[in-house]
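Student: Below is the file input_14.tsv, with TSV, C-alpha atoms.
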chain	number	residue	atom	x	y	z
A	1	MET	CA	-3.80	5.75	18.15
A	2	ASP	CA	-3.96	2.26	19.65
A	3	VAL	CA	-7.24	0.73	18.48
A	4	SER	CA	-7.13	-1.84	21.27
A	5	THR	CA	-7.93	0.90	23.79
A	6	THR	CA	-10.60	2.70	21.76
A	7	PHE	CA	-13.87	0.87	21.27
A	8	PRO	CA	-17.08	2.87	20.83
A	9	THR	CA	-20.28	1.14	21.87
A	10	LYS	CA	-22.70	2.99	19.57
A	11	PRO	CA	-22.99	1.11	16.25
A	12	ASP	CA	-23.14	2.85	12.88
A	13	THR	CA	-25.13	0.63	10.52
A	14	GLY	CA	-23.84	2.48	7.46
A	15	TRP	CA	-20.60	0.51	7.71
A	16	LEU	CA	-22.12	-2.85	6.74
A	17	THR	CA	-24.06	-4.14	3.76
A	18	VAL	CA	-25.67	-7.58	4.00
A	19	PHE	CA	-26.39	-8.74	0.47
A	20	ARG	CA	-28.03	-12.00	1.52
A	21	PRO	CA	-29.44	-11.94	5.05
A	22	VAL	CA	-29.72	-15.30	6.81
A	23	ASP	CA	-32.31	-15.90	9.54
A	24	ARG	CA	-30.17	-18.16	11.68
A	25	PRO	CA	-26.61	-18.16	10.32
A	26	ARG	CA	-23.98	-20.45	11.77
A	27	LEU	CA	-21.21	-18.14	10.58
A	28	ARG	CA	-20.71	-14.54	9.43
A	29	LEU	CA	-18.05	-13.51	6.97
A	30	PHE	CA	-17.03	-9.85	7.04
A	31	CYS	CA	-15.31	-8.71	3.82
A	32	LEU	CA	-13.31	-5.51	3.37
A	33	PRO	CA	-12.77	-3.97	-0.09
A	34	PHE	CA	-9.67	-2.91	-2.00
A	35	ALA	CA	-8.72	0.70	-2.76
A	36	GLY	CA	-11.42	2.62	-4.59
A	37	ALA	CA	-14.01	-0.13	-4.17
A	38	GLY	CA	-17.17	-0.29	-2.09
A	39	ALA	CA	-19.22	-3.05	-0.54
A	40	SER	CA	-20.59	-3.99	-3.97
A	41	ALA	CA	-17.22	-5.57	-4.80
A	42	TYR	CA	-18.50	-8.55	-2.80
A	43	ARG	CA	-22.08	-8.51	-4.10
A	44	ASP	CA	-21.78	-11.88	-5.87
A	45	TRP	CA	-19.72	-13.70	-3.26
A	46	GLY	CA	-22.80	-14.93	-1.45
A	47	ARG	CA	-23.69	-17.33	-4.25
A	48	HIS	CA	-20.48	-19.27	-3.48
A	49	LEU	CA	-21.38	-19.70	0.18
A	50	PRO	CA	-23.56	-22.26	1.97
A	51	GLU	CA	-27.07	-21.07	2.79
A	52	ASP	CA	-26.30	-20.81	6.50
A	53	VAL	CA	-23.33	-18.44	6.06
A	54	GLU	CA	-24.12	-14.72	6.09
A	55	LEU	CA	-21.97	-12.36	4.03
A	56	CYS	CA	-21.47	-8.84	5.41
A	57	ALA	CA	-19.53	-6.44	3.19
A	58	VAL	CA	-17.93	-3.38	4.73
A	59	GLN	CA	-18.80	-0.01	3.23
A	60	LEU	CA	-16.00	2.47	3.79
A	61	PRO	CA	-16.56	6.25	3.71
A	62	GLY	CA	-16.17	8.07	0.39
A	63	ARG	CA	-17.85	5.62	-2.01
A	64	GLU	CA	-21.23	4.35	-3.21
A	65	ASN	CA	-23.94	5.34	-0.68
A	66	ARG	CA	-21.26	7.05	1.45
A	67	ILE	CA	-19.75	9.06	-1.42
A	68	ASN	CA	-20.15	12.40	0.37
A	69	GLU	CA	-18.20	11.31	3.44
A	70	ARG	CA	-14.52	12.06	3.94
A	71	VAL	CA	-12.03	9.23	3.58
A	72	PRO	CA	-9.98	9.17	6.82
A	73	GLY	CA	-6.34	10.13	6.72
A	74	HIS	CA	-5.07	6.92	8.28
A	75	ILE	CA	-6.37	3.42	9.02
A	76	GLY	CA	-6.47	4.09	12.75
A	77	GLU	CA	-9.44	6.42	12.19
A	78	LEU	CA	-11.44	3.71	10.44
A	79	VAL	CA	-11.09	0.96	13.00
A	80	PRO	CA	-12.99	2.20	16.10
A	81	PRO	CA	-16.28	3.00	14.32
A	82	LEU	CA	-15.98	-0.18	12.30
A	83	LEU	CA	-15.52	-2.21	15.47
A	84	ALA	CA	-18.65	-0.59	16.89
A	85	ALA	CA	-20.59	-1.51	13.75
A	86	LEU	CA	-19.42	-5.13	13.95
A	87	ARG	CA	-20.12	-5.58	17.64
A	88	PRO	CA	-23.88	-6.40	17.40
A	89	ARG	CA	-23.07	-9.13	14.86
A	90	LEU	CA	-20.44	-10.95	16.89
A	91	ASP	CA	-22.98	-13.24	18.56
A	92	ILE	CA	-21.98	-16.19	16.37
A	93	PRO	CA	-18.66	-17.43	14.96
A	94	PHE	CA	-17.22	-15.08	12.35
A	95	ALA	CA	-14.31	-14.62	9.97
A	96	LEU	CA	-12.63	-11.60	8.38
A	97	PHE	CA	-11.36	-11.25	4.84
A	98	GLY	CA	-9.76	-8.28	3.10
A	99	HIS	CA	-8.10	-7.74	-0.25
A	100	SER	CA	-5.29	-5.21	-0.80
A	101	LEU	CA	-6.15	-2.16	1.35
A	102	GLY	CA	-8.90	-4.30	2.88
A	103	ALA	CA	-6.28	-6.76	4.15
A	104	ALA	CA	-4.56	-4.07	6.21
A	105	ILE	CA	-7.88	-2.88	7.64
A	106	ALA	CA	-8.97	-6.46	8.40
A	107	TYR	CA	-5.70	-7.04	10.27
A	108	GLU	CA	-6.23	-3.94	12.42
A	109	VAL	CA	-9.86	-4.89	13.05
A	110	ALA	CA	-8.71	-8.37	14.13
A	111	ARG	CA	-6.29	-6.76	16.58
A	112	GLY	CA	-9.10	-4.69	18.07
A	113	LEU	CA	-11.43	-7.68	18.36
A	114	ILE	CA	-8.77	-9.85	19.96
A	115	ALA	CA	-8.13	-7.09	22.49
A	116	ILE	CA	-11.73	-7.40	23.73
A	117	GLY	CA	-11.71	-11.19	23.72
A	118	ARG	CA	-13.64	-11.69	20.45
A	119	PRO	CA	-11.10	-13.12	18.01
A	120	PRO	CA	-12.18	-14.12	14.50
A	121	ARG	CA	-12.14	-17.82	13.70
A	122	VAL	CA	-10.03	-16.96	10.65
A	123	LEU	CA	-8.35	-13.85	9.28
A	124	GLY	CA	-7.97	-13.91	5.50
A	125	VAL	CA	-5.57	-11.42	3.88
A	126	SER	CA	-5.13	-11.14	0.14
A	127	GLY	CA	-3.12	-9.19	-2.41
A	128	ARG	CA	-1.17	-7.05	0.05
A	129	ARG	CA	2.34	-7.00	1.44
A	130	ALA	CA	2.67	-7.75	5.14
A	131	PRO	CA	2.24	-4.81	7.56
A	132	HIS	CA	5.97	-4.61	8.29
A	133	ALA	CA	7.10	-5.02	4.67
A	134	PRO	CA	8.29	-1.73	3.09
A	135	LEU	CA	6.70	-0.22	0.01
A	136	ASP	CA	9.18	-1.07	-2.75
A	137	ARG	CA	8.00	1.48	-5.33
A	138	PRO	CA	7.24	5.23	-5.38
A	139	PRO	CA	3.85	5.95	-3.76
A	140	LEU	CA	1.05	6.23	-6.29
A	141	HIS	CA	-1.03	8.63	-4.21
A	142	ARG	CA	1.51	11.41	-4.93
A	143	LEU	CA	1.22	11.12	-8.71
A	144	SER	CA	-0.48	13.68	-10.90
A	145	ASP	CA	-4.03	12.90	-12.00
A	146	SER	CA	-2.93	11.85	-15.49
A	147	ASP	CA	-0.13	9.61	-14.21
A	148	LEU	CA	-2.38	8.05	-11.58
A	149	LYS	CA	-5.01	7.24	-14.21
A	150	ARG	CA	-2.31	5.56	-16.28
A	151	GLU	CA	-1.19	3.44	-13.32
A	152	ILE	CA	-4.77	2.45	-12.56
A	153	ALA	CA	-5.24	1.27	-16.13
A	154	GLN	CA	-2.04	-0.78	-16.01
A	155	MET	CA	-2.98	-2.34	-12.68
A	156	GLY	CA	-6.12	-3.94	-14.13
A	157	GLY	CA	-9.39	-4.52	-12.35
A	158	THR	CA	-11.10	-1.35	-13.60
A	159	PRO	CA	-13.63	-1.89	-16.43
A	160	PRO	CA	-12.58	-0.34	-19.76
A	161	GLU	CA	-15.82	1.63	-19.94
A	162	VAL	CA	-14.93	3.32	-16.65
A	163	LEU	CA	-11.36	4.06	-17.71
A	164	SER	CA	-12.57	5.65	-20.94
A	165	HIS	CA	-15.16	7.84	-19.20
A	166	GLU	CA	-13.16	10.97	-18.36
A	167	GLU	CA	-15.77	12.64	-16.15
A	168	LEU	CA	-16.39	9.46	-14.18
A	169	MET	CA	-12.66	8.93	-13.64
A	170	ASP	CA	-12.29	12.52	-12.44
A	171	PHE	CA	-15.14	11.89	-10.01
A	172	LEU	CA	-13.68	8.63	-8.65
A	173	LEU	CA	-10.04	9.69	-8.51
A	174	PRO	CA	-10.08	11.58	-5.17
A	175	THR	CA	-11.43	8.56	-3.31
A	176	LEU	CA	-8.98	6.22	-4.98
A	177	ARG	CA	-6.09	8.57	-4.23
A	178	ALA	CA	-7.16	8.81	-0.58
A	179	ASP	CA	-7.43	5.02	-0.35
A	180	LEU	CA	-3.98	4.59	-1.86
A	181	ARG	CA	-2.62	6.99	0.71
A	182	LEU	CA	-4.22	4.90	3.47
A	183	SER	CA	-2.60	1.76	2.13
A	184	GLU	CA	0.80	3.15	1.17
A	185	THR	CA	1.43	4.98	4.45
A	186	TYR	CA	0.27	2.10	6.66
A	187	HIS	CA	2.95	0.27	8.64
A	188	ARG	CA	3.01	-2.00	11.67
A	189	ASP	CA	6.08	-3.66	13.23
A	190	ALA	CA	6.42	-7.42	12.82
A	191	ASP	CA	6.20	-7.99	16.58
A	192	THR	CA	2.48	-7.08	16.52
A	193	ARG	CA	0.91	-10.53	16.15
A	194	VAL	CA	-2.72	-11.60	15.90
A	195	ALA	CA	-3.68	-14.67	17.90
A	196	CYS	CA	-5.92	-16.36	15.36
A	197	PRO	CA	-5.51	-18.59	12.29
A	198	MET	CA	-4.43	-16.61	9.23
A	199	LEU	CA	-4.80	-17.41	5.53
A	200	ALA	CA	-2.76	-15.32	3.06
A	201	PHE	CA	-3.50	-15.33	-0.68
A	202	ALA	CA	-1.18	-14.05	-3.40
A	203	GLY	CA	-1.34	-13.73	-7.19
A	204	THR	CA	1.46	-15.24	-9.25
A	205	ASP	CA	1.79	-12.07	-11.36
A	206	ASP	CA	0.73	-9.44	-8.86
A	207	PRO	CA	3.16	-6.49	-9.15
A	208	GLU	CA	1.63	-4.80	-6.11
A	209	ALA	CA	2.06	-7.73	-3.75
A	210	PRO	CA	4.36	-10.47	-5.07
A	211	PRO	CA	4.01	-13.83	-3.32
A	212	LYS	CA	7.11	-13.30	-1.14
A	213	THR	CA	5.73	-10.09	0.35
A	214	VAL	CA	2.40	-11.81	1.05
A	215	GLU	CA	4.13	-14.80	2.63
A	216	ALA	CA	5.71	-12.34	5.09
A	217	TRP	CA	2.30	-12.10	6.81
A	218	GLY	CA	3.41	-15.26	8.60
A	219	ALA	CA	5.62	-13.10	10.82
A	220	VAL	CA	2.56	-11.39	12.35
A	221	SER	CA	0.45	-14.52	12.70
A	222	GLY	CA	0.09	-15.75	16.26
A	223	GLY	CA	-1.83	-18.87	15.18
A	224	THR	CA	-1.66	-21.25	12.26
A	225	PHE	CA	-0.58	-19.67	8.96
A	226	THR	CA	-1.29	-20.81	5.41
A	227	HIS	CA	0.07	-19.10	2.30
A	228	THR	CA	-1.69	-19.87	-0.99
A	229	ILE	CA	-0.50	-18.69	-4.42
A	230	LEU	CA	-3.12	-18.41	-7.15
A	231	ASP	CA	-2.83	-17.60	-10.86
A	232	GLY	CA	-3.42	-13.98	-11.78
A	233	ASP	CA	-2.52	-10.32	-11.32
A	234	HIS	CA	-3.48	-7.98	-8.49
A	235	PHE	CA	-7.17	-8.79	-8.94
A	236	PHE	CA	-6.74	-12.57	-8.97
A	237	VAL	CA	-9.53	-12.85	-6.39
A	238	LYS	CA	-12.11	-12.27	-9.14
A	239	ASN	CA	-11.17	-15.60	-10.75
A	240	HIS	CA	-10.63	-17.54	-7.53
A	241	THR	CA	-13.54	-16.47	-5.34
A	242	ARG	CA	-14.82	-20.00	-4.76
A	243	ARG	CA	-11.40	-21.35	-3.88
A	244	ILE	CA	-10.73	-18.56	-1.39
A	245	LEU	CA	-14.10	-18.99	0.31
A	246	ASP	CA	-13.69	-22.77	0.44
A	247	ALA	CA	-10.30	-22.32	2.13
A	248	ILE	CA	-11.82	-20.02	4.75
A	249	LEU	CA	-14.70	-22.41	5.49
A	250	GLU	CA	-12.43	-25.46	5.58
A	251	ASN	CA	-10.12	-23.77	8.06
A	252	ILE	CA	-13.05	-22.87	10.32
A	253	ALA	CA	-14.25	-26.49	10.18
A	254	ILE	CA	-10.79	-27.61	11.29
A	255	GLU	CA	-10.77	-25.10	14.12
A	256	ASN	CA	-14.21	-26.25	15.28
As a first step, turn the structure in this file into structure tokens.
Tutor:
Amino acid sequence: MDVSTTFPTKPDTGWLTVFRPVDRPRLRLFCLPFAGAGASAYRDWGRHLPEDVELCAVQLPGRENRINERVPGHIGELVPPLLAALRPRLDIPFALFGHSLGAAIAYEVARGLIAIGRPPRVLGVSGRRAPHAPLDRPPLHRLSDSDLKREIAQMGGTPPEVLSHEELMDFLLPTLRADLRLSETYHRDADTRVACPMLAFAGTDDPEAPPKTVEAWGAVSGGTFTHTILDGDHFFVKNHTRRILDAILENIAIEN
């Protein structure tokens, strides 16, 4: 499905969570979560933003208050309803940011927005190989439950108390597996560019998305491209939130 030709007009407010509403914002930042995570992954990001910047976190199906909803089988299913949910909030300048799986979704959302003449001021992608880069390891979503739990533990980012809670892990695993399938089966040729500034962030020790695979996002950038390498593993964003947000805001100031 080509998301550029499918754009519902009826918004679904369940897709967005605004942790800190702003009466008259000058900018909106839409953030998309990594595999297995919900909108709450960005709950604290607002405290690093100026008071006139509104943070809107995307809530994907199959988690938190949408736990009973099915996780779509491919990213193309997510984009049209998400575009419809964003549309009422595109009345002011905005930026997109996504980490890991969220980076791929943010890229597809940017494509859809550009197709209707509403490009983001900045597209931030983090902790994910470029859309055209091949998966260089066996897909995790095909592993047995026990092996997948082991990989999740080694990846980091999941609190020890969650990893040690067997019933909770069994409850969360189907959503995480479905998200991994979304991410691992996603592919887009390098000739599909987005005509907006792009910032790509990589972790020095990220086994999922080494810096070279993140730098490859430059091939699909139709505007300025900046690649930043930060210390850390796959979840380096947790220790560099302020720096990432500052980079996004600084780039928007330049574009203005």
Student: Give me the residues near Trp45 (chain A) as a PyMOL selection string, where near means some atom within 12 Å (using only C-alpha atoms) and where sequence neighbours in that chain fewer than 2 positions away do not count.
Tutor: chain A and resi 18-20+29-31+39-43+47-50+53-57+97+237-246
Student: Output C-alpha atoms for every residue in that selection, as a tab-separated table (two decimals), in the frame of the given file.
Tutor:
chain	number	residue	atom	x	y	z
A	18	VAL	CA	-25.67	-7.58	4.00
A	19	PHE	CA	-26.39	-8.74	0.47
A	20	ARG	CA	-28.03	-12.00	1.52
A	29	LEU	CA	-18.05	-13.51	6.97
A	30	PHE	CA	-17.03	-9.85	7.04
A	31	CYS	CA	-15.31	-8.71	3.82
A	39	ALA	CA	-19.22	-3.05	-0.54
A	40	SER	CA	-20.59	-3.99	-3.97
A	41	ALA	CA	-17.22	-5.57	-4.80
A	42	TYR	CA	-18.50	-8.55	-2.80
A	43	ARG	CA	-22.08	-8.51	-4.10
A	47	ARG	CA	-23.69	-17.33	-4.25
A	48	HIS	CA	-20.48	-19.27	-3.48
A	49	LEU	CA	-21.38	-19.70	0.18
A	50	PRO	CA	-23.56	-22.26	1.97
A	53	VAL	CA	-23.33	-18.44	6.06
A	54	GLU	CA	-24.12	-14.72	6.09
A	55	LEU	CA	-21.97	-12.36	4.03
A	56	CYS	CA	-21.47	-8.84	5.41
A	57	ALA	CA	-19.53	-6.44	3.19
A	97	PHE	CA	-11.36	-11.25	4.84
A	237	VAL	CA	-9.53	-12.85	-6.39
A	238	LYS	CA	-12.11	-12.27	-9.14
A	239	ASN	CA	-11.17	-15.60	-10.75
A	240	HIS	CA	-10.63	-17.54	-7.53
A	241	THR	CA	-13.54	-16.47	-5.34
A	242	ARG	CA	-14.82	-20.00	-4.76
A	243	ARG	CA	-11.40	-21.35	-3.88
A	244	ILE	CA	-10.73	-18.56	-1.39
A	245	LEU	CA	-14.10	-18.99	0.31
A	246	ASP	CA	-13.69	-22.77	0.44
Student: Which residue is closest to Phe236 (chain A)? Choose from A:Ala216, A:Leu172, A:Met155, A:Ile248 and count all atoms listed in the file.
Tutor: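 That would be A:Met155, the residue with the smallest distance to Phe236 (chain A).
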Student: Kindly give the distance, in Å, that separates CA of Val58 (chain A) and CA of Val109 (chain A), rounded to a single decimal.
Tutor: 11.7 Å
Student: List as number ranges by chain: which residues have an atom within 10 Å of (3.1, 4.5, -7.5), counting all atoms listed in the file?
Tutor: A: 135-143, 147-148, 151-152, 180, 184, 208
Student: Within 12 Å of (9.1, 0.4, 14.8) in the file's own coordinates, which protein, DNA or RNA residues have an atom, counting all atoms listed in the file? List them as an NGL selection string.
Tutor: :A and (131-134 or 187-192)
Student: Might you pull out every residue within 12 Å of Thr228 (chain A), with all atoms listed in the file counted and same-chain residues fewer than 2 positions away left off, and present them as a VMD selection string?
Tutor: chain A and resid 124 to 127 198 to 204 210 to 212 214 to 215 217 to 218 225 to 226 230 to 231 236 to 237 240 243 to 244 247 to 248
Student: Choose the residue, out of A:Ala110, A:Ala153, A:Leu168, A:Ala130, that has the smallest atom-to-atom separation from Val194 (chain A); count all atoms listed in the file.
Tutor: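 Closest to Val194 (chain A), using all atoms listed in the file: A:Ala110.
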Student: Rounded to one decimal in Å, what is the spacing between CA of Thr185 (chain A) and CA of Phe171 (chain A)?
Tutor: 23.1 Å
Student: Find the residue from A:Leu173, A:Ser221, A:Ser100, A:Pro119 that sits nearest to Arg150 (chain A); use all atoms listed in the file when measuring.
Tutor: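 Distance minimum relative to Arg150 (chain A) lands on A:Leu173.
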Student: CA of Arg177 (chain A) and CA of Val162 (chain A) are how many Å apart?
Tutor: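 According to the coordinates, CA of Arg177 (chain A) and CA of Val162 (chain A) are separated by 16.1 Å.
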Student: With all atoms listed in the file as the atoms that count, which of A:Asn251, A:Pro61, A:Gln154, A:Glu161 lies nearest to Asp206 (chain A)?
Tutor: A:Gln154
Student: Hey, which of A:Arg66, A:Gly112, A:Ala106, A:Arg24 ends up closest to Pro80 (chain A)? Count all atoms listed in the file.
Tutor: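 The closest residue to Pro80 (chain A) is A:Gly112.
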Student: Would you mind completing region 100-111 of chain A so that it carries all heavy atoms, and writing it out as an mmCIF file, keeping the file's coordinate frame?
Tutor:
data_model
loop_
_atom_site.group_PDB
_atom_site.id
_atom_site.type_symbol
_atom_site.label_atom_id
_atom_site.label_comp_id
_atom_site.auth_asym_id
_atom_site.auth_seq_id
_atom_site.Cartn_x
_atom_site.Cartn_y
_atom_site.Cartn_z
ATOM 1 N N SER A 100 -6.093 -6.410 -0.585
ATOM 2 C CA SER A 100 -5.290 -5.210 -0.800
ATOM 3 C C SER A 100 -5.432 -4.265 0.402
ATOM 4 O O SER A 100 -5.110 -4.649 1.520
ATOM 5 C CB SER A 100 -5.708 -4.550 -2.120
ATOM 6 O OG SER A 100 -4.732 -3.636 -2.561
ATOM 7 N N LEU A 101 -5.918 -3.054 0.212
ATOM 8 C CA LEU A 101 -6.150 -2.160 1.350
ATOM 9 C C LEU A 101 -7.014 -2.849 2.399
ATOM 10 O O LEU A 101 -6.773 -2.712 3.614
ATOM 11 C CB LEU A 101 -6.838 -0.873 0.876
ATOM 12 C CG LEU A 101 -7.405 0.051 1.961
ATOM 13 C CD1 LEU A 101 -6.299 0.576 2.866
ATOM 14 C CD2 LEU A 101 -8.192 1.194 1.328
ATOM 15 N N GLY A 102 -8.012 -3.606 1.957
ATOM 16 C CA GLY A 102 -8.900 -4.300 2.880
ATOM 17 C C GLY A 102 -8.172 -5.277 3.780
ATOM 18 O O GLY A 102 -8.602 -5.525 4.922
ATOM 19 N N ALA A 103 -7.050 -5.827 3.324
ATOM 20 C CA ALA A 103 -6.280 -6.760 4.150
ATOM 21 C C ALA A 103 -5.669 -6.038 5.348
ATOM 22 O O ALA A 103 -5.677 -6.550 6.472
ATOM 23 C CB ALA A 103 -5.187 -7.417 3.317
ATOM 24 N N ALA A 104 -5.144 -4.838 5.111
ATOM 25 C CA ALA A 104 -4.560 -4.070 6.210
ATOM 26 C C ALA A 104 -5.623 -3.676 7.222
ATOM 27 O O ALA A 104 -5.406 -3.757 8.440
ATOM 28 C CB ALA A 104 -3.861 -2.819 5.658
ATOM 29 N N ILE A 105 -6.793 -3.260 6.729
ATOM 30 C CA ILE A 105 -7.880 -2.880 7.640
ATOM 31 C C ILE A 105 -8.368 -4.099 8.420
ATOM 32 O O ILE A 105 -8.613 -4.029 9.626
ATOM 33 C CB ILE A 105 -9.027 -2.223 6.872
ATOM 34 C CG1 ILE A 105 -8.537 -0.974 6.140
ATOM 35 C CG2 ILE A 105 -10.163 -1.852 7.822
ATOM 36 C CD1 ILE A 105 -9.571 -0.352 5.224
ATOM 37 N N ALA A 106 -8.512 -5.232 7.733
ATOM 38 C CA ALA A 106 -8.970 -6.460 8.400
ATOM 39 C C ALA A 106 -8.003 -6.868 9.507
ATOM 40 O O ALA A 106 -8.425 -7.313 10.588
ATOM 41 C CB ALA A 106 -9.116 -7.588 7.385
ATOM 42 N N TYR A 107 -6.720 -6.713 9.262
ATOM 43 C CA TYR A 107 -5.700 -7.040 10.270
ATOM 44 C C TYR A 107 -5.857 -6.151 11.497
ATOM 45 O O TYR A 107 -5.815 -6.630 12.646
ATOM 46 C CB TYR A 107 -4.327 -6.876 9.637
ATOM 47 C CG TYR A 107 -3.164 -6.919 10.598
ATOM 48 C CD1 TYR A 107 -2.774 -8.102 11.220
ATOM 49 C CD2 TYR A 107 -2.420 -5.763 10.853
ATOM 50 C CE1 TYR A 107 -1.691 -8.124 12.082
ATOM 51 C CE2 TYR A 107 -1.340 -5.778 11.711
ATOM 52 C CZ TYR A 107 -0.975 -6.959 12.324
ATOM 53 O OH TYR A 107 0.104 -6.981 13.180
ATOM 54 N N GLU A 108 -6.064 -4.849 11.289
ATOM 55 C CA GLU A 108 -6.230 -3.940 12.420
ATOM 56 C C GLU A 108 -7.550 -4.207 13.165
ATOM 57 O O GLU A 108 -7.605 -4.108 14.392
ATOM 58 C CB GLU A 108 -6.172 -2.490 11.937
ATOM 59 C CG GLU A 108 -4.786 -2.025 11.531
ATOM 60 C CD GLU A 108 -3.815 -1.996 12.712
ATOM 61 O OE1 GLU A 108 -4.271 -1.799 13.862
ATOM 62 O OE2 GLU A 108 -2.610 -2.182 12.490
ATOM 63 N N VAL A 109 -8.595 -4.538 12.417
ATOM 64 C CA VAL A 109 -9.860 -4.890 13.050
ATOM 65 C C VAL A 109 -9.688 -6.153 13.894
ATOM 66 O O VAL A 109 -10.190 -6.241 15.024
ATOM 67 C CB VAL A 109 -10.967 -5.094 11.993
ATOM 68 C CG1 VAL A 109 -12.203 -5.735 12.610
ATOM 69 C CG2 VAL A 109 -11.338 -3.757 11.359
ATOM 70 N N ALA A 110 -8.962 -7.140 13.369
ATOM 71 C CA ALA A 110 -8.710 -8.370 14.130
ATOM 72 C C ALA A 110 -7.973 -8.058 15.423
ATOM 73 O O ALA A 110 -8.296 -8.618 16.485
ATOM 74 C CB ALA A 110 -7.901 -9.350 13.281
ATOM 75 N N ARG A 111 -7.014 -7.154 15.368
ATOM 76 C CA ARG A 111 -6.290 -6.760 16.580
ATOM 77 C C ARG A 111 -7.249 -6.173 17.621
ATOM 78 O O ARG A 111 -7.167 -6.484 18.813
ATOM 79 C CB ARG A 111 -5.205 -5.730 16.254
ATOM 80 C CG ARG A 111 -4.030 -6.275 15.466
ATOM 81 C CD ARG A 111 -2.960 -5.192 15.280
ATOM 82 N NE ARG A 111 -2.411 -4.809 16.565
ATOM 83 C CZ ARG A 111 -2.531 -3.603 17.117
ATOM 84 N NH1 ARG A 111 -3.214 -2.660 16.493
ATOM 85 N NH2 ARG A 111 -1.990 -3.339 18.285
#
